[in-house]
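Chemist: Contents of upload.cif (mmCIF, C-alpha atoms and all ligand atoms) are below:
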data_entry
#
loop_
_atom_site.label_atom_id
_atom_site.label_comp_id
_atom_site.auth_asym_id
_atom_site.auth_seq_id
_atom_site.Cartn_x
_atom_site.Cartn_y
_atom_site.Cartn_z
CA MET G 52 57.21 214.87 -19.22
CA ASP G 53 58.23 214.59 -15.59
CA PRO G 54 62.05 215.12 -15.44
CA SER G 55 62.53 212.31 -12.89
CA LYS G 56 60.55 209.93 -15.13
CA SER G 57 62.62 210.75 -18.24
CA ALA G 58 65.83 210.38 -16.22
CA SER G 59 64.81 206.92 -15.09
CA ILE G 60 63.94 205.92 -18.67
CA LEU G 61 67.37 207.14 -19.84
CA PHE G 62 69.03 205.20 -17.02
CA PHE G 63 67.13 202.05 -18.00
CA ILE G 64 68.18 202.37 -21.67
CA ALA G 65 71.83 202.86 -20.63
CA LEU G 66 71.65 199.79 -18.39
CA SER G 67 70.22 197.55 -21.12
CA LEU G 68 72.87 198.81 -23.57
CA LEU G 69 75.62 197.96 -21.08
CA HIS G 70 74.09 194.51 -20.61
CA THR G 71 74.17 193.74 -24.36
CA VAL G 72 77.77 194.94 -24.64
CA THR G 73 79.01 192.79 -21.71
CA GLN G 74 77.03 189.81 -23.02
CA GLY G 75 78.77 190.15 -26.37
CA PHE G 76 82.11 190.29 -24.61
CA GLU G 77 81.37 187.17 -22.56
CA GLU G 78 80.29 185.32 -25.70
CA SER G 79 83.50 186.25 -27.51
CA THR G 80 85.71 185.12 -24.59
CA GLY G 81 83.65 181.93 -24.37
CA ALA G 82 84.24 181.30 -28.05
CA ARG G 83 87.97 181.92 -27.59
CA ILE G 84 88.15 179.35 -24.81
CA VAL G 85 86.29 176.84 -26.98
CA THR G 86 88.71 177.32 -29.88
CA GLN G 87 91.64 177.02 -27.47
CA GLU G 88 90.20 173.78 -26.17
CA GLN G 89 89.61 172.52 -29.68
CA GLU G 90 93.29 173.09 -30.46
CA HIS G 91 94.31 170.45 -27.94
CA ALA G 92 91.17 168.33 -28.04
CA HIS G 93 92.77 165.82 -30.40
CA GLU G 94 95.54 165.09 -27.90
CA VAL G 95 93.43 163.56 -25.13
CA HIS G 96 90.45 161.26 -25.57
CA CYS G 97 89.71 160.67 -21.93
CA SER G 98 87.14 162.31 -19.71
CA ARG G 99 88.68 164.09 -16.73
CA GLU G 100 85.35 164.10 -14.92
CA ARG G 101 84.73 160.36 -15.28
CA SER G 102 88.35 159.55 -14.46
CA LYS G 103 87.92 161.52 -11.26
CA ALA G 104 84.67 159.69 -10.48
CA ALA G 105 86.42 156.33 -10.99
CA TRP G 106 89.34 157.40 -8.81
CA ASP G 107 87.00 158.54 -6.01
CA ILE G 108 85.28 155.15 -6.07
CA ILE G 109 88.62 153.30 -5.89
CA GLU G 110 89.72 155.56 -3.00
CA GLU G 111 86.54 155.05 -1.05
CA TYR G 112 85.48 151.46 -1.68
CA LEU G 113 88.74 149.63 -2.41
CA MET G 114 91.81 151.35 -0.95
CA PRO G 115 90.80 151.03 2.73
CA PHE G 116 90.82 147.23 2.31
CA VAL G 117 94.05 147.23 0.26
CA GLU G 118 95.75 149.28 3.00
CA GLN G 119 94.36 146.99 5.68
CA GLU G 120 96.00 144.03 3.91
CA GLN G 121 99.16 146.12 3.34
CA TYR G 122 99.02 144.98 -0.27
CA GLN G 123 101.00 146.68 -3.06
CA ILE G 124 98.98 147.04 -6.25
CA SER G 125 101.18 146.34 -9.27
CA SER G 126 101.54 148.97 -11.98
CA LYS G 127 100.25 146.35 -14.42
CA CYS G 128 96.88 146.65 -12.69
CA ARG G 129 94.74 149.28 -14.41
CA LEU G 130 93.58 150.57 -11.01
CA HIS G 131 97.15 151.62 -10.15
CA GLN G 132 97.56 155.40 -9.84
CA ASP G 133 100.19 155.47 -12.63
CA ASN G 134 97.48 154.33 -15.03
CA ASP G 135 95.37 157.41 -14.38
CA LEU G 136 96.18 160.02 -17.01
CA PHE G 137 95.10 162.89 -14.76
CA ARG G 138 96.56 161.71 -11.43
CA ASP G 139 99.56 164.06 -11.49
CA GLN G 140 97.39 167.10 -12.32
CA GLU G 141 94.83 166.14 -9.69
CA ARG G 142 97.63 165.95 -7.13
CA HIS G 143 98.64 169.49 -8.11
CA LYS G 144 95.24 170.96 -7.22
CA ILE G 145 95.48 173.11 -4.11
CA HIS G 146 92.14 173.84 -2.46
CA VAL G 147 92.95 177.02 -0.51
CA ASP G 148 89.44 178.18 0.32
CA ILE G 149 85.84 177.52 -0.73
CA ASN G 150 86.26 180.00 -3.59
CA GLU G 151 89.96 179.57 -4.24
CA TRP G 152 91.71 176.81 -6.14
CA ARG G 153 95.41 177.10 -6.94
CA CYS G 154 97.49 175.48 -9.65
CA GLY G 155 100.34 173.54 -8.04
CA TYR G 156 102.56 173.98 -11.09
CA CYS G 157 102.43 177.75 -11.62
CA LYS G 158 100.59 178.92 -8.42
CA LYS G 159 97.86 180.73 -10.37
CA SER G 160 94.56 181.08 -8.47
CA PHE G 161 91.01 180.33 -9.66
CA ARG G 162 87.53 180.88 -8.30
CA ALA G 163 86.29 177.35 -8.97
CA GLU G 164 87.65 173.89 -9.65
CA LYS G 165 86.26 173.86 -13.20
CA PHE G 166 88.38 176.91 -14.11
CA LEU G 167 91.47 175.17 -12.77
CA ASP G 168 90.55 172.09 -14.85
CA ARG G 169 90.30 174.32 -17.92
CA HIS G 170 93.66 175.89 -17.03
CA PHE G 171 95.24 172.40 -16.80
CA ASP G 172 93.74 171.52 -20.19
CA ASN G 173 95.06 174.71 -21.81
CA ARG G 174 98.37 175.41 -20.07
CA HIS G 175 99.64 172.10 -18.70
CA TYR G 176 98.32 169.56 -21.20
CA ASN G 177 101.95 168.70 -22.00
CA LEU G 178 102.29 167.28 -18.46
CA LEU G 179 99.63 164.64 -19.04
CA ASN G 180 101.02 161.15 -18.89
CA THR G 181 99.82 160.09 -22.34
CA SER G 182 102.64 157.64 -22.97
CA HIS G 183 100.68 154.66 -21.56
CA SER G 184 97.40 155.94 -23.05
CA LYS G 185 95.60 154.52 -20.06
CA CYS G 186 92.31 156.13 -19.23
CA LEU G 187 90.73 155.46 -15.84
CA ALA G 188 87.35 156.61 -17.18
CA ASP G 189 87.32 153.48 -19.36
CA LEU G 190 86.84 151.45 -16.16
CA CYS G 191 83.74 153.40 -15.15
CA GLY G 192 81.40 150.67 -16.38
CA ALA G 193 83.02 148.09 -14.11
CA LEU G 194 83.32 150.48 -11.16
CA HIS G 195 79.70 151.76 -11.17
CA CYS G 196 80.47 155.46 -11.80
CA ASP G 197 76.93 156.12 -13.06
CA TYR G 198 75.40 154.46 -10.01
CA VAL G 199 77.39 156.80 -7.73
CA LYS G 200 76.84 159.90 -9.90
CA ASN G 201 73.09 159.41 -10.30
CA SER G 202 72.77 159.37 -6.50
CA LYS G 203 72.28 155.60 -6.40
CA SER G 204 68.94 155.44 -8.17
CA PRO G 205 68.59 152.21 -10.17
CA LYS G 206 68.43 152.50 -13.95
CA SER G 207 65.02 152.09 -15.51
CA LYS G 208 66.03 149.45 -18.07
CA CYS G 209 68.75 146.81 -17.96
CA ASN G 210 70.84 146.07 -21.03
CA PRO G 211 72.05 142.43 -20.74
CA ALA G 212 74.89 142.90 -23.26
CA ALA G 213 76.27 145.94 -21.43
CA VAL G 214 75.94 144.20 -18.09
CA ALA G 215 77.84 141.15 -19.38
CA ARG G 216 80.58 143.39 -20.79
CA ASN G 217 80.96 145.29 -17.51
CA ARG G 218 81.01 142.06 -15.53
CA HIS G 219 83.74 140.66 -17.75
CA LEU G 220 85.81 143.84 -17.38
CA CYS G 221 85.23 143.77 -13.62
CA GLU G 222 86.37 140.14 -13.29
CA SER G 223 89.43 140.76 -15.45
CA LEU G 224 90.36 143.64 -13.11
CA ALA G 225 90.06 141.32 -10.12
CA ASP G 226 92.31 138.74 -11.85
CA SER G 227 95.00 141.20 -12.98
CA CYS G 228 95.10 143.36 -9.82
CA PHE G 229 94.77 140.63 -7.20
CA PRO G 230 96.13 137.37 -8.71
CA ILE G 231 95.15 134.47 -6.46
CA SER G 232 98.59 132.90 -7.07
CA GLN G 233 100.21 135.77 -5.12
CA GLY G 234 99.26 134.63 -1.66
CA SER G 235 96.55 134.99 0.96
CA SER G 236 96.27 138.82 0.93
CA ALA G 237 95.79 138.86 -2.84
CA SER G 238 93.22 136.05 -2.59
CA ARG G 239 91.22 137.87 0.08
CA LEU G 240 91.28 141.10 -1.96
CA HIS G 241 90.31 139.16 -5.11
CA GLU G 242 87.26 137.81 -3.29
CA LEU G 243 86.45 141.25 -1.86
CA PHE G 244 86.71 142.89 -5.29
CA LEU G 245 84.23 140.39 -6.77
CA ARG G 246 81.72 140.99 -3.93
CA GLN G 247 82.24 144.77 -3.80
CA PHE G 248 82.15 145.52 -7.54
CA CYS G 249 81.35 142.54 -9.80
CA ASP G 250 78.34 140.86 -8.15
CA ALA G 251 76.13 143.88 -8.84
CA HIS G 252 76.64 143.48 -12.61
CA SER G 253 73.46 141.52 -13.20
CA CYS G 254 69.99 142.38 -14.45
CA SER G 255 68.25 140.81 -11.44
CA GLY G 256 68.91 144.00 -9.46
CA LYS G 257 69.11 141.94 -6.27
CA ARG G 258 72.65 142.98 -5.42
CA LYS G 259 73.76 146.57 -4.91
CA PRO G 260 77.37 147.65 -5.47
CA PHE G 261 79.71 148.14 -2.50
CA PRO G 262 78.01 145.84 0.08
CA ARG G 263 81.11 146.13 2.29
CA GLU G 264 80.85 149.93 2.21
CA GLY G 265 83.96 152.09 2.48
CA LYS G 266 85.89 153.28 5.47
CA LYS G 267 85.46 156.96 4.72
CA ARG G 268 81.69 156.67 4.83
CA THR G 269 81.56 154.93 8.21
CA SER G 270 84.04 157.37 9.77
CA VAL G 271 81.96 160.30 8.48
CA PHE G 272 78.86 158.63 9.95
CA TYR G 273 80.50 158.26 13.37
CA LEU G 274 81.80 161.82 13.20
CA ALA G 275 78.26 163.10 12.53
CA ILE G 276 76.89 161.05 15.43
CA SER G 277 79.52 162.32 17.85
CA ILE G 278 79.05 165.96 16.80
CA LEU G 279 75.30 165.57 17.25
CA THR G 280 75.81 164.08 20.71
CA LEU G 281 78.15 166.90 21.71
CA MET G 282 75.57 169.42 20.53
CA LEU G 283 72.66 167.74 22.33
CA LEU G 284 74.49 167.20 25.63
CA PRO G 285 74.45 170.88 26.77
CA ILE G 286 70.76 171.13 25.84
CA PHE G 287 70.04 168.04 27.95
CA TYR G 288 71.89 169.50 30.95
CA LEU G 289 70.09 172.84 30.52
CA ILE G 290 66.72 171.07 30.62
CA VAL G 291 67.75 169.11 33.74
CA TYR G 292 69.00 172.34 35.41
CA LEU G 293 65.81 174.26 34.59
CA TYR G 294 63.66 171.37 35.82
CA GLN G 295 65.54 171.17 39.12
CA SER G 296 65.41 174.93 39.72
CA GLU G 297 61.66 174.83 39.00
CA MET G 298 61.29 172.03 41.59
CA ARG G 299 63.29 174.03 44.14
CA LYS G 300 61.08 177.05 43.61
CA GLY G 301 57.99 174.88 44.02
CA LYS G 302 59.30 173.49 47.32
CA GLN G 303 60.05 177.00 48.67
CA GLU G 304 56.55 178.07 47.70
CA LEU G 305 55.06 175.09 49.55
CA ARG G 306 57.17 175.84 52.63
CA ARG G 307 55.97 179.47 52.62
CA ILE G 308 52.34 178.41 52.32
CA SER G 309 52.67 175.92 55.18
CA GLN G 310 54.43 178.55 57.34
CA VAL G 311 51.66 181.04 56.67
CA GLY G 312 49.10 178.34 57.49
CA ARG G 313 50.82 177.57 60.84
CA LYS G 314 50.93 181.25 61.80
CA THR G 315 47.22 181.80 61.12
CA LYS G 316 46.10 178.61 62.96
CA PRO G 317 46.32 179.79 66.67
CA SER G 318 44.06 182.81 66.22
ZN ZN F 1 99.29 176.39 -13.83
#
Go through the file and emit its structure as structure tokens.
Modeler:
Amino acid sequence: MDPSKSASILFFIALSLLHTVTQGFEESTGARIVTQEQEHAHEVHCSRERSKAAWDIIEEYLMPFVEQEQYQISSKCRLHQDNDLFRDQERHKIHVDINEWRCGYCKKSFRAEKFLDRHFDNRHYNLLNTSHSKCLADLCGALHCDYVKNSKSPKSKCNPAAVARNRHLCESLADSCFPISQGSSASRLHELFLRQFCDAHSCSGKRKPFPREGKKRTSVFYLAISILTLMLLPIFYLIVYLYQSEMRKGKQELRRISQVGRKTKPS
């Protein structure tokens, strides 16, 4: 057998052996993490991911209007930040770089947000505010988390019972967070909350959630427009400059031709 061929076969065998060994190692660490998570799983029955989705929706589609009215949401309102189990942990996430997330409690670094989430679940679960047992993810039905997560595609089938339940939850949020009896700001926000979140809870599909949009979205839109304009402006000036220099060249050419013509005429 060709020595180079046998060497390459040996190399290949060694490589595949190494692969199986590392795979086994990864599986065992994976299993360890799962058992660690299972240890504390009974403590929290609230989805971090859905709580975050609900919080993002509140931040984007409600808070700009609440701030505009300078209204203080009461802690009795389930949308209040104290009623989000994960709010304190989320506030202790430090996004250093694209590939670096740091724990605000113990300063440990992680490659991705999901690893930091796992670290919070394993190491800092005792810091979760479980005393109120309030879970923001429970409001996802009323706040249209699925609509936002599924990139705004309408659901194929409408369940009237679920829609009625979500509408009821939505209206009870409007009543408890913005009681009409508390003055004009509360009344305006009550009305806004119904239009922004509750009207879309119907099977007709005529109304989409968040008709008033959010402030973040519009500011991002304007930012994109202005960046685009700034990028296109130099290109526009370059075209104008090139066009003008072309014209100038053309004129000089014409002048030369006419001069040559004048010189040749007398002969
Ligand atoms: Zn930590």
Chemist: Interatomic distance between atom CA of G:Glu120 and atom CA of G:Phe261?
Modeler: 18.0 Å
Chemist: Using only C-alpha atoms and all ligand atoms, which of G:Glu118, G:Asp172, G:Glu111, G:Asp250 sits nearest ligand ZN 1 (chain F)?
Modeler: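 For ligand ZN 1 (chain F), the nearest of the candidates is G:Asp172.
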Chemist: For G:Phe116, which of G:His241, G:Lys302, G:His175, G:Arg218 is the closest residue, counting only C-alpha atoms?
Modeler: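 That would be G:His241, the residue with the smallest distance to G:Phe116.
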Chemist: Could the residues of chain G that have an atom at most 7 Å from ligand ZN 1 (chain F) be listed as a Markdown table, each with its closest atom pair and the distance in Å to one decimal, counting only C-alpha atoms and all ligand atoms and ordered by chain and ascending residue number?
Modeler:
| residue | atom | partner | partner_atom | distance |
| --- | --- | --- | --- | --- |
| G:Cys154 | CA | F:ZN1 | ZN | 4.6 |
| G:Gly155 | CA | F:ZN1 | ZN | 6.5 |
| G:Tyr156 | CA | F:ZN1 | ZN | 4.9 |
| G:Cys157 | CA | F:ZN1 | ZN | 4.1 |
| G:Lys158 | CA | F:ZN1 | ZN | 6.1 |
| G:Lys159 | CA | F:ZN1 | ZN | 5.7 |
| G:His170 | CA | F:ZN1 | ZN | 6.5 |
| G:Phe171 | CA | F:ZN1 | ZN | 6.4 |
| G:Arg174 | CA | F:ZN1 | ZN | 6.4 |
| G:His175 | CA | F:ZN1 | ZN | 6.5 |
Chemist: Keeping only C-alpha atoms, write those residues as a short mmCIF file (atom, residue, chain, number, x, y, z; two decimals), in the frame of the given file.
Modeler:
data_model
loop_
_atom_site.label_atom_id
_atom_site.label_comp_id
_atom_site.auth_asym_id
_atom_site.auth_seq_id
_atom_site.Cartn_x
_atom_site.Cartn_y
_atom_site.Cartn_z
CA CYS G 154 97.49 175.48 -9.65
CA GLY G 155 100.34 173.54 -8.04
CA TYR G 156 102.56 173.98 -11.09
CA CYS G 157 102.43 177.75 -11.62
CA LYS G 158 100.59 178.92 -8.42
CA LYS G 159 97.86 180.73 -10.37
CA HIS G 170 93.66 175.89 -17.03
CA PHE G 171 95.24 172.40 -16.80
CA ARG G 174 98.37 175.41 -20.07
CA HIS G 175 99.64 172.10 -18.70
#
Chemist: Would you mind telling me which residue in G:Leu178, G:Ala163, G:Cys228, G:Leu289 lies nearest to G:Leu130 when using all atoms listed in the file?
Modeler: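 Of G:Leu178, G:Ala163, G:Cys228, G:Leu289, the one nearest G:Leu130, counting all atoms listed in the file, is G:Cys228.
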Chemist: Grab the atom CA of G:Gln247 to atom CA of G:Lys185 distance for me, in Å with one decimal place.
Modeler: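 Computing it gives 23.2 Å between the two atoms.
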Chemist: Using only C-alpha atoms, which residue out of G:Ile124, G:Ala213, G:Cys97, G:Trp106 lies closest to G:Leu240?
Modeler: G:Ile124
Chemist: Find the axis-aligned box for stretch 234-246 of chain G, covering all its listed atoms and adding 5 Å on each side, and write its centre and edge lengths in Å to one decimal as AutoDock Vina command-line options.
Modeler:
--center_x 90.5 --center_y 138.8 --center_z -2.9 --size_x 27.5 --size_y 18.3 --size_z 17.7
Chemist: Rank G:Pro285, G:Asp189, G:Pro230, G:Lys165 by their smallest atom-to-atom distance to G:Tyr122, using all atoms listed in the file, and report the top residue only.
Modeler: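 Going through G:Pro285, G:Asp189, G:Pro230, G:Lys165 one by one, the smallest distance to G:Tyr122 is for G:Pro230.
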Chemist: Expressed in Å to a single decimal, how great is the separation between atom CA of G:Asp135 and atom CA of G:Leu179?
Modeler: 9.6 Å
Chemist: Point out the residue among G:Leu187, G:Cys221, G:Val147, G:Cys128 with the least atom-to-atom distance to G:Ala251, counting all atoms listed in the file.
Modeler: G:Cys221
Chemist: Would you kindly return, as an MDAnalysis selection string, each protein, DNA or RNA residue with an atom no farther than 8 Å from any atom of G:Val214, considering all atoms listed in the file and excluding same-chain residues fewer than 6 positions away?
Modeler: chainID G and resid 252:254
Chemist: Residues at most 10 Å from G:Ser160, counting all atoms listed in the file, excluding those fewer than 4 positions away in the same chain, as a PDB file with C-alpha atoms, keeping the file's coordinate frame?
Modeler:
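The result, written out as selection27.pdb:
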ATOM      1  CA  ILE G 145      95.480 173.110  -4.110  1.00  0.00           C
ATOM      2  CA  HIS G 146      92.140 173.840  -2.460  1.00  0.00           C
ATOM      3  CA  VAL G 147      92.950 177.020  -0.510  1.00  0.00           C
ATOM      4  CA  ASN G 150      86.260 180.000  -3.590  1.00  0.00           C
ATOM      5  CA  GLU G 151      89.960 179.570  -4.240  1.00  0.00           C
ATOM      6  CA  TRP G 152      91.710 176.810  -6.140  1.00  0.00           C
ATOM      7  CA  ARG G 153      95.410 177.100  -6.940  1.00  0.00           C
ATOM      8  CA  CYS G 154      97.490 175.480  -9.650  1.00  0.00           C
ATOM      9  CA  GLY G 155     100.340 173.540  -8.040  1.00  0.00           C
ATOM     10  CA  PHE G 166      88.380 176.910 -14.110  1.00  0.00           C
ATOM     11  CA  LEU G 167      91.470 175.170 -12.770  1.00  0.00           C
TER      12      LEU G 167
END
